[in-house]
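Trainee: File entry23.cif follows (mmCIF, C-alpha atoms):
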data_final
#
loop_
_atom_site.label_atom_id
_atom_site.label_comp_id
_atom_site.auth_asym_id
_atom_site.auth_seq_id
_atom_site.Cartn_x
_atom_site.Cartn_y
_atom_site.Cartn_z
CA MET A 1470 -28.13 11.50 17.77
CA SER A 1471 -28.43 14.33 15.27
CA ASN A 1472 -29.45 13.97 11.65
CA LYS A 1473 -25.97 14.89 10.52
CA PRO A 1474 -24.08 12.22 8.49
CA ALA A 1475 -21.66 10.03 10.45
CA THR A 1476 -18.61 11.89 9.17
CA GLU A 1477 -20.02 15.11 10.66
CA GLN A 1478 -20.89 13.65 14.05
CA PRO A 1479 -18.91 14.90 17.09
CA SER A 1480 -15.58 13.21 17.70
CA TYR A 1481 -15.38 10.49 20.34
CA TYR A 1482 -12.64 12.62 21.87
CA ASP A 1483 -12.90 16.10 23.36
CA ASN A 1484 -10.59 18.71 24.83
CA LEU A 1485 -7.94 17.81 22.28
CA GLU A 1486 -5.93 20.89 23.16
CA LYS A 1487 -5.41 19.49 26.67
CA MET A 1488 -3.93 16.21 25.41
CA SER A 1489 -0.21 15.59 25.29
CA ILE A 1490 1.37 14.89 21.92
CA HIS A 1491 1.60 11.23 22.90
CA GLN A 1492 -2.11 11.11 23.75
CA LEU A 1493 -3.00 12.81 20.47
CA LEU A 1494 -0.98 10.28 18.49
CA VAL A 1495 -2.31 7.23 20.33
CA ASN A 1496 -5.91 8.38 20.00
CA MET A 1497 -5.56 9.25 16.30
CA ASN A 1498 -3.96 5.88 15.70
CA ASN A 1499 -6.80 4.12 17.51
CA GLU A 1500 -9.28 5.80 15.19
CA ASP A 1501 -7.17 5.04 12.11
CA LYS A 1502 -7.19 1.33 12.98
CA LYS A 1503 -10.92 1.29 12.22
CA VAL A 1504 -10.42 2.29 8.59
CA PRO A 1505 -9.12 -0.95 6.97
CA LEU A 1506 -11.83 -2.92 8.77
CA ALA A 1507 -14.45 -0.61 7.29
CA VAL A 1508 -12.90 -1.02 3.84
CA GLU A 1509 -12.87 -4.81 4.25
CA LYS A 1510 -16.66 -4.82 4.59
CA CYS A 1511 -16.91 -3.13 1.18
CA ILE A 1512 -14.77 -5.58 -0.80
CA PRO A 1513 -17.79 -7.11 -2.62
CA GLN A 1514 -18.87 -3.65 -3.80
CA ILE A 1515 -15.33 -2.69 -4.79
CA GLU A 1516 -14.97 -5.94 -6.70
CA GLY A 1517 -18.16 -5.33 -8.66
CA LEU A 1518 -17.04 -1.88 -9.75
CA ILE A 1519 -13.56 -3.08 -10.77
CA GLU A 1520 -15.06 -5.87 -12.88
CA ARG A 1521 -17.02 -3.29 -14.88
CA ILE A 1522 -13.97 -1.04 -15.24
CA VAL A 1523 -11.91 -3.93 -16.62
CA GLU A 1524 -14.70 -4.76 -19.07
CA LYS A 1525 -14.78 -1.18 -20.32
CA PHE A 1526 -11.00 -0.96 -20.67
CA GLU A 1527 -11.07 -4.05 -22.86
CA LEU A 1528 -13.36 -2.04 -25.15
CA GLY A 1529 -10.92 0.85 -25.22
CA GLY A 1530 -12.48 2.78 -22.36
CA ARG A 1531 -10.98 4.98 -19.66
CA LEU A 1532 -11.47 5.63 -15.96
CA PHE A 1533 -12.45 9.08 -14.69
CA TYR A 1534 -12.44 10.30 -11.09
CA ILE A 1535 -14.26 13.45 -10.00
CA GLY A 1536 -14.27 15.04 -6.57
CA ALA A 1537 -13.81 18.22 -4.56
CA GLY A 1538 -11.32 19.14 -1.85
CA THR A 1539 -9.49 16.18 -0.32
CA SER A 1540 -11.60 13.72 -2.31
CA GLY A 1541 -10.71 15.43 -5.58
CA ARG A 1542 -7.02 15.59 -4.68
CA LEU A 1543 -6.96 11.87 -3.91
CA GLY A 1544 -8.53 11.08 -7.27
CA VAL A 1545 -6.00 13.24 -9.11
CA LEU A 1546 -3.19 11.63 -7.11
CA ASP A 1547 -4.28 8.09 -7.98
CA ALA A 1548 -4.67 8.98 -11.66
CA SER A 1549 -1.34 10.78 -11.86
CA GLU A 1550 0.55 7.84 -10.39
CA CYS A 1551 -0.66 5.30 -12.97
CA PRO A 1552 1.57 6.41 -15.89
CA PRO A 1553 4.91 6.35 -14.00
CA THR A 1554 4.04 3.21 -12.06
CA TYR A 1555 2.60 1.13 -14.89
CA GLY A 1556 3.81 2.85 -18.06
CA VAL A 1557 0.29 3.56 -19.31
CA PRO A 1558 -0.78 6.62 -21.33
CA ASP A 1559 -1.77 9.73 -19.41
CA ASP A 1560 -5.36 9.47 -20.60
CA TRP A 1561 -6.14 5.96 -19.31
CA VAL A 1562 -6.99 7.21 -15.81
CA ILE A 1563 -8.02 10.85 -15.45
CA GLY A 1564 -8.67 12.73 -12.22
CA LEU A 1565 -10.65 15.97 -12.14
CA ILE A 1566 -11.06 18.25 -9.13
CA ALA A 1567 -13.68 20.95 -8.63
CA GLY A 1568 -12.06 24.31 -9.26
CA GLY A 1569 -9.40 22.92 -11.60
CA ASP A 1570 -5.75 22.22 -10.96
CA ILE A 1571 -5.32 25.33 -8.82
CA ALA A 1572 -7.57 23.61 -6.27
CA LEU A 1573 -4.89 20.96 -5.75
CA ARG A 1574 -2.94 23.51 -3.71
CA LYS A 1575 -5.50 26.09 -2.63
CA ALA A 1576 -9.17 25.88 -1.75
CA VAL A 1577 -11.35 27.38 -4.48
CA GLU A 1578 -14.40 29.06 -2.97
CA ASN A 1579 -17.74 27.38 -3.78
CA ALA A 1580 -16.18 25.20 -6.49
CA GLU A 1581 -17.85 22.04 -5.22
CA ASP A 1582 -21.29 23.67 -5.21
CA HIS A 1583 -21.54 23.99 -9.01
CA LYS A 1584 -23.53 20.94 -10.05
CA GLU A 1585 -23.18 21.50 -13.80
CA GLN A 1586 -19.44 22.23 -13.84
CA SER A 1587 -18.28 18.63 -13.51
CA TRP A 1588 -19.94 17.67 -16.79
CA LEU A 1589 -18.39 20.66 -18.53
CA ASP A 1590 -15.01 19.48 -17.25
CA LEU A 1591 -15.65 15.90 -18.38
CA LYS A 1592 -16.80 16.96 -21.85
CA GLU A 1593 -13.34 18.37 -22.50
CA TYR A 1594 -12.11 14.76 -22.49
CA ASN A 1595 -14.92 13.50 -24.74
CA ILE A 1596 -16.16 11.07 -22.10
CA ASN A 1597 -18.32 8.37 -23.70
CA LYS A 1598 -20.09 5.03 -23.17
CA ASN A 1599 -16.83 3.07 -23.16
CA ASP A 1600 -15.65 4.99 -20.10
CA VAL A 1601 -16.36 4.69 -16.36
CA LEU A 1602 -16.93 7.62 -14.03
CA VAL A 1603 -16.24 7.31 -10.29
CA GLY A 1604 -17.36 10.11 -8.00
CA ILE A 1605 -15.43 10.58 -4.76
CA ALA A 1606 -17.18 12.39 -1.90
CA ALA A 1607 -16.66 11.70 1.78
CA SER A 1608 -19.92 13.41 2.69
CA GLY A 1609 -21.82 11.86 -0.19
CA SER A 1610 -23.59 15.11 -1.01
CA THR A 1611 -21.09 17.15 -3.07
CA PRO A 1612 -23.07 18.82 -5.91
CA TYR A 1613 -20.08 18.77 -8.29
CA VAL A 1614 -19.96 14.96 -7.94
CA VAL A 1615 -23.73 14.38 -7.97
CA GLY A 1616 -24.16 16.43 -11.14
CA GLY A 1617 -21.46 14.57 -13.03
CA LEU A 1618 -22.83 11.16 -12.07
CA GLU A 1619 -26.39 12.12 -12.99
CA LYS A 1620 -25.38 13.30 -16.45
CA ALA A 1621 -23.23 10.21 -17.03
CA ASN A 1622 -26.15 7.97 -16.12
CA GLU A 1623 -28.35 9.78 -18.63
CA LEU A 1624 -25.85 9.01 -21.38
CA GLY A 1625 -25.38 5.34 -20.49
CA ILE A 1626 -21.95 5.67 -18.90
CA VAL A 1627 -21.08 3.29 -16.05
CA THR A 1628 -20.91 5.16 -12.73
CA GLY A 1629 -19.50 4.34 -9.32
CA CYS A 1630 -18.73 6.26 -6.16
CA ILE A 1631 -16.63 6.19 -3.01
CA THR A 1632 -18.26 7.79 0.00
CA CYS A 1633 -17.95 7.44 3.77
CA ASN A 1634 -21.60 7.72 4.78
CA LYS A 1635 -24.64 5.53 4.25
CA GLU A 1636 -27.65 6.33 2.05
CA THR A 1637 -26.22 9.48 0.54
CA GLU A 1638 -27.26 11.31 -2.61
CA VAL A 1639 -24.05 10.31 -4.36
CA ALA A 1640 -24.55 6.63 -3.53
CA LYS A 1641 -28.15 6.73 -4.72
CA VAL A 1642 -27.06 8.15 -8.08
CA ALA A 1643 -24.08 5.84 -8.66
CA GLN A 1644 -24.72 2.44 -10.24
CA TYR A 1645 -21.86 0.91 -8.22
CA PRO A 1646 -21.74 2.65 -4.83
CA ILE A 1647 -18.96 1.97 -2.35
CA GLU A 1648 -19.89 3.22 1.11
CA VAL A 1649 -17.03 2.94 3.60
CA GLU A 1650 -18.47 3.79 7.02
CA VAL A 1651 -15.58 5.09 9.09
CA GLY A 1652 -17.66 7.02 11.62
CA SER A 1653 -16.86 10.39 13.15
CA GLU A 1654 -13.46 11.97 12.68
CA PHE A 1655 -10.88 12.57 15.44
CA VAL A 1656 -11.25 16.29 14.74
CA THR A 1657 -14.98 16.68 14.19
CA GLY A 1658 -15.81 16.93 10.50
CA SER A 1659 -12.18 16.77 9.32
CA THR A 1660 -12.76 14.25 6.54
CA ARG A 1661 -9.17 14.48 5.31
CA MET A 1662 -8.44 12.09 8.17
CA LYS A 1663 -10.20 8.69 8.40
CA SER A 1664 -12.42 9.37 5.39
CA GLY A 1665 -9.46 10.40 3.27
CA THR A 1666 -7.51 7.33 4.35
CA ALA A 1667 -10.44 5.07 3.46
CA GLN A 1668 -10.79 6.68 0.03
CA LYS A 1669 -7.05 6.29 -0.61
CA LEU A 1670 -7.20 2.58 0.29
CA VAL A 1671 -10.13 2.00 -2.08
CA LEU A 1672 -8.47 3.95 -4.88
CA ASN A 1673 -5.32 1.85 -4.40
CA MET A 1674 -7.45 -1.27 -4.77
CA ILE A 1675 -9.20 -0.01 -7.90
CA SER A 1676 -6.18 1.19 -9.88
CA THR A 1677 -3.84 -1.60 -8.79
CA SER A 1678 -6.32 -4.39 -9.53
CA LEU A 1679 -7.12 -2.77 -12.87
CA MET A 1680 -3.47 -2.59 -13.88
CA VAL A 1681 -2.82 -6.18 -12.83
CA LYS A 1682 -5.76 -7.38 -14.90
CA LEU A 1683 -4.55 -5.33 -17.86
CA GLY A 1684 -1.23 -7.18 -17.74
CA ARG A 1685 0.82 -4.30 -16.37
CA VAL A 1686 2.30 -6.42 -13.56
CA LYS A 1687 4.38 -9.57 -14.05
CA GLY A 1688 4.59 -11.77 -10.98
CA ASN A 1689 4.60 -8.95 -8.47
CA LYS A 1690 6.80 -6.53 -10.41
CA MET A 1691 6.08 -3.17 -12.09
CA VAL A 1692 7.66 -4.24 -15.37
CA ASP A 1693 6.31 -1.23 -17.30
CA MET A 1694 7.30 1.49 -14.83
CA GLN A 1695 8.87 4.66 -16.24
CA LEU A 1696 12.60 4.97 -15.53
CA THR A 1697 12.50 8.54 -14.29
CA ASN A 1698 15.25 8.47 -11.63
CA LYS A 1699 18.25 6.48 -10.35
CA LYS A 1700 16.19 4.60 -7.78
CA LEU A 1701 13.84 3.27 -10.44
CA ILE A 1702 16.73 2.40 -12.77
CA ASN A 1703 18.34 0.43 -9.94
CA ARG A 1704 15.03 -1.27 -9.19
CA GLY A 1705 14.58 -2.17 -12.86
CA THR A 1706 18.14 -3.49 -13.03
CA SER A 1707 17.49 -5.78 -10.06
CA MET A 1708 14.24 -7.01 -11.61
CA ILE A 1709 16.02 -7.96 -14.82
CA ALA A 1710 18.97 -9.56 -13.01
CA ASN A 1711 16.68 -11.67 -10.87
CA ALA A 1712 14.34 -12.65 -13.70
CA LEU A 1713 17.11 -13.66 -16.10
CA GLU A 1714 19.64 -14.85 -13.50
CA ILE A 1715 22.36 -12.58 -14.87
CA ASP A 1716 24.68 -10.09 -13.16
CA GLU A 1717 23.57 -6.51 -12.58
CA VAL A 1718 26.08 -5.03 -15.01
CA GLN A 1719 24.57 -6.98 -17.88
CA ALA A 1720 21.08 -6.32 -16.58
CA LYS A 1721 21.65 -2.57 -16.54
CA GLU A 1722 23.03 -2.66 -20.07
CA LEU A 1723 19.84 -4.38 -21.22
CA LEU A 1724 17.69 -1.89 -19.36
CA MET A 1725 19.48 1.10 -20.85
CA LYS A 1726 19.21 -0.43 -24.32
CA TYR A 1727 15.49 -1.20 -24.24
CA LYS A 1728 14.35 1.48 -21.73
CA SER A 1729 11.86 -1.02 -20.29
CA VAL A 1730 12.08 -3.93 -17.87
CA ARG A 1731 9.50 -5.88 -19.84
CA LEU A 1732 11.17 -5.32 -23.21
CA ALA A 1733 14.62 -6.09 -21.85
CA ILE A 1734 13.44 -9.44 -20.46
CA GLU A 1735 11.42 -10.34 -23.57
CA HIS A 1736 14.26 -9.55 -26.01
CA TYR A 1737 16.83 -11.43 -23.94
CA GLN A 1738 14.62 -14.51 -23.67
CA SER A 1739 13.83 -14.47 -27.40
CA ASN A 1740 17.52 -14.60 -28.40
#
Just give me the structure of the file as structure tokens.
Mentor:
Amino acid sequence: MSNKPATEQPSYYDNLEKMSIHQLLVNMNNEDKKVPLAVEKCIPQIEGLIERIVEKFELGGRLFYIGAGTSGRLGVLDASECPPTYGVPDDWVIGLIAGGDIALRKAVENAEDHKEQSWLDLKEYNINKNDVLVGIAASGSTPYVVGGLEKANELGIVTGCITCNKETEVAKVAQYPIEVEVGSEFVTGSTRMKSGTAQKLVLNMISTSLMVKLGRVKGNKMVDMQLTNKKLINRGTSMIANALEIDEVQAKELLMKYKSVRLAIEHYQSN
């Protein structure tokens, strides 16, 4: 066994180019099945981090994600989906990627290697002690992530991380490390695969649990979602109709009047 981290170890499969499409799919799926089990083992660590995030939000704080490459894109994705899904301001959850927004579509050469740049990026948002910073790095060694976490620690900001290797530099720096050990990738070193899936699952857990605890879900419904298309208007109409036991015509009228599932229900029930 080499000294390389688990995510860089050789794949359990070889001669991929000789496999049929069916074999490729079955083998990838077999590897993917390991991911939720690895995440399950980390639930206590995930829970601890979320508890601190909720505490900070109750003080007016925010949640920041930083990462590079796939990890950075996943953080930006999770952050960008919170406003439309839960109707929260754009600055409640903020995702930053090494190299800036252009790196969402194209790789920016050496962007992740600049240890000081992450703090310069964070300073633009006036990050402070009420906030929480979560570094995302499959390898656990990304300088952009390590540098941001180190500086945040110095200033008394709560830090966490999501990585897919054990005993990494990122995990040693973070106060609340989450280490999801998914093992080697189907394509050796391609951490957009199992590692990326694991990070996405953990990010789903963090942001969804946070929004539930902040009262942005009622029952199991997204009552504060933004009504940005016909599908969401229809979904909101059904929510109101079911909650108030009225027909969908009346429900849609209420939704269009108040522009919010929550407000429509509250105003109807108060009359």
Trainee: For the PyMOL selection byres ((chain A and resi 1635-1643) around 10), applied here, can you spell out every residue it catches as a count of residues only?
Mentor: 37
Trainee: Looking at A:Leu1683, A:Tyr1594, A:Gly1538, A:Arg1731, which one is nearest to Thr1706 in chain A, with distances taken over only C-alpha atoms?
Mentor: A:Arg1731
Trainee: Quick one: residues within 12 Å of Met1691 in chain A, only C-alpha atoms, excluding same-chain residues fewer than 3 positions away - as a ChimeraX atom specification?
Mentor: /A:1551-1557,1677,1680-1681,1684-1688,1694-1696,1701,1704-1705,1707-1709,1729-1731
Trainee: Tell me which residues the PyMOL selection byres ((chain A and resi 1501) around 12) grabs here, as an MDAnalysis selection string.
Mentor: chainID A and resid 1494:1500 1502:1508 1651:1655 1661:1667
Trainee: Just checking: using all atoms listed in the file, which residue out of A:Asp1600, A:Glu1714, A:Asp1483, A:Asp1582 ends up closest to Tyr1534 in chain A?
Mentor: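 The shortest atom-to-atom distance to Tyr1534 in chain A comes from A:Asp1600.
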Trainee: Please report the interatomic distance between CA of Ile1734 in chain A and CA of Ala1710 in chain A in Å with one decimal.
Mentor: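 Interatomic distance, CA of Ile1734 in chain A to CA of Ala1710 in chain A: 9.3 Å.
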Trainee: With distances taken over only C-alpha atoms, which residue among A:Glu1516, A:Glu1477, A:Glu1524, A:Asp1693 lies nearest Lys1598 in chain A?
Mentor: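 For Lys1598 in chain A, the nearest of the candidates is A:Glu1524.
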Trainee: Could you work out how far CA of Gly1536 in chain A lies from CA of Trp1561 in chain A, giving the answer in Å with one decimal?
Mentor: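 Spanning CA of Trp1561 in chain A to CA of Gly1536 in chain A is a straight-line distance of 17.6 Å.
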Trainee: So that I can see what lies close to range 1541-1546 of chain A, please list as number ranges by chain the residues with an atom at most 8 Å from it, counting all atoms listed in the file and leaving out residues fewer than 2 positions away in the same chain.
Mentor: A: 1534-1539, 1548-1550, 1563-1567, 1573, 1605, 1665, 1668-1669, 1672
Trainee: Go through the shown structure with the PyMOL selection byres ((chain A and resi 1585) around 8) and write out the matching residues as a list in words.
Mentor: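 Taken over the shown coordinates, the PyMOL selection byres ((chain A and resi 1585) around 8) returns His1583, Lys1584, Gln1586, Ser1587, Trp1588, Leu1589, Tyr1613, Gly1616 and Gly1617 of chain A.
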Trainee: Kindly give the distance, in Å, that separates CA of Ala1712 in chain A and CA of Pro1558 in chain A, rounded to a single decimal.
Mentor: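 Pair CA of Ala1712 in chain A / CA of Pro1558 in chain A returns 25.7 Å.
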Trainee: Nearest to Lys1728 in chain A among A:Ile1702, A:Ala1576, A:Ile1626, A:Leu1485, with distances taken over only C-alpha atoms: which residue is it?
Mentor: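 Closest to Lys1728 in chain A of all the choices is A:Ile1702.
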